[in-house]
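In what follows, a structure is listed as structure tokens, so that the remarks can point back to it.
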Amino acid sequence: MAKEGAEKADETEQMIEKEGGKEAAEGSGGTSLRAGDTKEMRAVLLSGFGGLNKLRVSKKVMPEPQEGELKIRVKACGLNFIDLMVRQGNIDNPPKTPLVPGFECSGIIEALGDSVAGFEIGDRVMAFVNYNAWAEVVCTPVEFVYKIPDDMSFSEAAAFPMNFVTAYMMLFEVANLREGMSVLVHSAGGGVGQAVAQLCSTISSVTVFGTASSFKHEAIKDSVTHLFDRNADYVQEVKRISAEGVDIVLDCLCGENTGKGLSLLKPLGTYILYGSSNMVTGETKSFFSFAKSWWQVEKVNPIKLYEENKVIAGFSLLNLLFKQGRSGLIKGIMDKLITLYNEKKIKPLVDSLWALEEVGKWLPPPLLFLKFIK
């Protein structure tokens, strides 16, 4: 599967790079469309919450940039676990359907809204979008847009913002990762998990414990220090290697893993919950899985945290961006990450690329993360 995905990625990458260069040249000499012009575009439409049969490619009116926004001709978009949860309606206060999913993309600037500075038509960019990324064209506020390094491909750029910003924020802004510390990350074969492993490698003597499905172990074994099967008794395995436990636990599973993670923390350690994938056990939303996961979450006693000198935290990048107005903070993090990329210290990994028309075949990523192009 990985070999086939890599071959497909190479072939499709050549196509989008060729098209990207052509459109960049055309865009740099063109003019922006006026708001009165009505054009159509293709987009992936989620008609209702449920399985893959709720997704289809449809025609929509092409958006035009409002004041402070950029219009981007999309070359690649990210498919992340949060998109799967959105499709199932497995999030708090889900938006009304029909809607166009997707929160990150890369492409070429096609038009500038009023009051936009620092970008030009034809610039190669990556961006966060508050839904609507799975389309041929998106418009998003300028504060959510970042220029792509010269040697970064469109597919790599679509795999970069969500995973690496989430990993960086948790490790360095919330948990204060330093030399000699230890980290346990669940879903080590996922996009955030691999970003965590790469960022940990930029700090001296950091030990990374990871859990992942067994079929992913061969592909990711060199990225973590100690790798365990997600269904094994990883608590005992970690304590066998490090009797005191770990300094940081990054948990995207929730459920029973919350109590296990807290039990593994050293004094002054930090547990961070950034997802609840245990609630997703099939193609559609399962109320049984939701109830089971909720029931298994250990009820945290603040007095116990105080007595044991432990910290528990949560992190949601999308809420930080779109609800809590921290785009300036994220811009600073992106600048640091791009520097690390230019120094060849980190690199986004793309397992496979899928065409827009293959939407019915999209499944949860088998290896790292799945990206698609238009």
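Ordered as shown in the structure tokens, chains take letters A, B, and onward, while each chain numbers its residues from 1 and ligands are numbered from 1 in the order shown.
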
message: Among segment 92-286 of chain A, which residues does DSSP mark as strand (DSSP E) when it is run on the backbone? Keep the chain and numbering as in the structure and answer as a PyMOL selection string.
response: chain A and resi 104-112+124-128+137-141+145-147+182-185+207-212+226-229+246-251+265-273

Atoms to include: N, CA and C atoms. Write the selected residues as a compact mmCIF listing (two decimals), in the first residue's frame.
# COMPACT_ATOMS: atom_id res chain seq x y z
N GLU A 104 -7.36 23.07 5.66
CA GLU A 104 -6.04 23.53 5.22
C GLU A 104 -5.86 23.21 3.74
N CYS A 105 -5.09 24.06 3.09
CA CYS A 105 -4.85 23.86 1.66
C CYS A 105 -3.59 24.60 1.25
N SER A 106 -3.16 24.34 0.02
CA SER A 106 -2.06 25.09 -0.58
C SER A 106 -2.45 25.44 -2.00
N GLY A 107 -1.85 26.49 -2.54
CA GLY A 107 -2.19 26.88 -3.91
C GLY A 107 -1.53 28.18 -4.30
N ILE A 108 -2.16 28.86 -5.26
CA ILE A 108 -1.60 30.08 -5.84
C ILE A 108 -2.60 31.22 -5.66
N ILE A 109 -2.11 32.37 -5.21
CA ILE A 109 -2.99 33.53 -5.03
C ILE A 109 -3.49 34.00 -6.39
N GLU A 110 -4.80 34.12 -6.49
CA GLU A 110 -5.44 34.51 -7.74
C GLU A 110 -6.02 35.91 -7.69
N ALA A 111 -6.35 36.39 -6.50
CA ALA A 111 -6.90 37.74 -6.35
C ALA A 111 -6.70 38.21 -4.93
N LEU A 112 -6.64 39.54 -4.76
CA LEU A 112 -6.45 40.16 -3.45
C LEU A 112 -7.65 41.00 -3.10
N ARG A 124 2.90 31.51 -4.19
CA ARG A 124 2.59 30.16 -3.73
C ARG A 124 2.39 30.21 -2.22
N VAL A 125 1.23 29.73 -1.76
CA VAL A 125 0.90 29.88 -0.34
C VAL A 125 0.25 28.61 0.21
N MET A 126 0.28 28.51 1.54
CA MET A 126 -0.50 27.51 2.27
C MET A 126 -1.36 28.27 3.26
N ALA A 127 -2.51 27.69 3.62
CA ALA A 127 -3.47 28.47 4.40
C ALA A 127 -4.35 27.59 5.27
N PHE A 128 -4.80 28.19 6.36
CA PHE A 128 -5.90 27.62 7.14
C PHE A 128 -7.20 28.21 6.62
N VAL A 137 -11.27 26.62 -5.44
CA VAL A 137 -10.92 27.99 -5.06
C VAL A 137 -11.42 28.24 -3.64
N VAL A 138 -10.61 28.92 -2.83
CA VAL A 138 -11.03 29.32 -1.49
C VAL A 138 -10.68 30.79 -1.28
N CYS A 139 -11.41 31.42 -0.38
CA CYS A 139 -11.08 32.75 0.10
C CYS A 139 -10.93 32.68 1.61
N THR A 140 -9.86 33.26 2.12
CA THR A 140 -9.60 33.19 3.56
C THR A 140 -8.88 34.46 4.00
N PRO A 141 -9.07 34.91 5.24
CA PRO A 141 -8.39 36.11 5.72
C PRO A 141 -6.88 36.01 5.60
N VAL A 145 -2.79 32.95 6.12
CA VAL A 145 -2.08 32.56 4.89
C VAL A 145 -0.57 32.75 5.09
N TYR A 146 0.23 31.81 4.54
CA TYR A 146 1.68 31.83 4.72
C TYR A 146 2.34 31.44 3.40
N LYS A 147 3.44 32.09 3.08
CA LYS A 147 4.14 31.79 1.83
C LYS A 147 4.86 30.44 1.94
N SER A 182 11.17 13.34 28.21
CA SER A 182 10.58 12.18 27.52
C SER A 182 9.13 12.49 27.16
N VAL A 183 8.70 11.93 26.02
CA VAL A 183 7.37 12.21 25.48
C VAL A 183 6.70 10.90 25.09
N LEU A 184 5.44 10.73 25.45
CA LEU A 184 4.61 9.63 24.95
C LEU A 184 3.58 10.23 24.01
N VAL A 185 3.55 9.77 22.77
CA VAL A 185 2.58 10.26 21.80
C VAL A 185 1.79 9.09 21.25
N THR A 207 13.61 11.51 24.57
CA THR A 207 13.15 10.14 24.34
C THR A 207 11.68 10.16 23.94
N VAL A 208 11.35 9.52 22.82
CA VAL A 208 9.97 9.50 22.32
C VAL A 208 9.42 8.09 22.40
N PHE A 209 8.37 7.91 23.18
CA PHE A 209 7.60 6.67 23.22
C PHE A 209 6.39 6.86 22.32
N GLY A 210 6.09 5.89 21.48
CA GLY A 210 4.95 6.02 20.59
C GLY A 210 4.09 4.77 20.57
N THR A 211 2.78 4.96 20.40
CA THR A 211 1.88 3.83 20.17
C THR A 211 1.29 3.97 18.78
N ALA A 212 1.09 2.84 18.11
CA ALA A 212 0.52 2.85 16.76
C ALA A 212 0.04 1.45 16.42
N HIS A 226 11.01 4.36 21.19
CA HIS A 226 10.37 3.10 21.61
C HIS A 226 8.96 3.08 21.04
N LEU A 227 8.63 2.01 20.31
CA LEU A 227 7.34 1.92 19.63
C LEU A 227 6.56 0.72 20.16
N PHE A 228 5.29 0.93 20.50
CA PHE A 228 4.44 -0.12 21.04
C PHE A 228 3.16 -0.26 20.22
N ASP A 229 2.61 -1.46 20.21
CA ASP A 229 1.32 -1.67 19.58
C ASP A 229 0.25 -0.96 20.40
N VAL A 246 6.97 9.40 32.17
CA VAL A 246 7.38 10.36 31.14
C VAL A 246 7.04 11.77 31.57
N ASP A 247 7.65 12.74 30.87
CA ASP A 247 7.41 14.16 31.19
C ASP A 247 6.19 14.72 30.48
N ILE A 248 5.90 14.19 29.29
CA ILE A 248 4.80 14.74 28.48
C ILE A 248 4.01 13.58 27.88
N VAL A 249 2.68 13.67 27.96
CA VAL A 249 1.81 12.72 27.29
C VAL A 249 0.92 13.50 26.32
N LEU A 250 0.94 13.11 25.05
CA LEU A 250 0.11 13.74 24.03
C LEU A 250 -0.94 12.72 23.60
N ASP A 251 -2.19 12.99 23.95
CA ASP A 251 -3.26 12.01 23.80
C ASP A 251 -4.32 12.51 22.82
N LEU A 265 2.62 10.07 34.13
CA LEU A 265 3.33 11.35 34.26
C LEU A 265 4.29 11.37 35.43
N LYS A 266 5.48 11.87 35.20
CA LYS A 266 6.41 12.18 36.27
C LYS A 266 5.90 13.40 37.04
N PRO A 267 6.42 13.67 38.24
CA PRO A 267 6.13 14.95 38.90
C PRO A 267 6.52 16.11 37.98
N LEU A 268 5.67 17.12 37.90
CA LEU A 268 5.80 18.28 37.02
C LEU A 268 5.57 17.92 35.55
N GLY A 269 5.04 16.74 35.30
CA GLY A 269 4.73 16.34 33.93
C GLY A 269 3.43 16.95 33.44
N THR A 270 3.25 16.93 32.11
CA THR A 270 2.08 17.54 31.48
C THR A 270 1.37 16.55 30.58
N TYR A 271 0.07 16.37 30.82
CA TYR A 271 -0.79 15.56 29.95
C TYR A 271 -1.62 16.51 29.10
N ILE A 272 -1.61 16.31 27.77
CA ILE A 272 -2.37 17.18 26.86
C ILE A 272 -3.32 16.33 26.03
N LEU A 273 -4.60 16.64 26.11
CA LEU A 273 -5.60 16.00 25.26
C LEU A 273 -5.84 16.88 24.05

task: Considering only C-alpha atoms, state which residue in the set A:Met85, A:Leu329, A:Leu262, A:Val192 is at the smallest distance from Thr166 of chain A.
output: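 Of A:Met85, A:Leu329, A:Leu262, A:Val192, the one nearest Thr166 of chain A is A:Val192, counting only C-alpha atoms.
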
Polymer residues at most 7 Å from Val142 of chain A, only C-alpha atoms, same-chain spacing of 2 or more positions, as JSON, numbers by chain: {"A": [68, 69, 70, 116, 140, 144, 145]}

message: With distances taken over only C-alpha atoms, which residue among A:Arg56, A:Lys347, A:Lys221, A:Lys260 lies nearest Tyr234 of chain A?
response: A:Lys260

field: In segment 57-201 of chain A, DSSP alpha helix (DSSP H) residues written as a PyMOL selection string
entry: chain A and resi 81-88+154-158+161-168+191-200

For atom CA of Lys75 of chain A and atom CA of Trp134 of chain A, the interatomic separation in Å (one decimal):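 Result for atom CA of Lys75 of chain A versus atom CA of Trp134 of chain A: 10.1 Å, one decimal.
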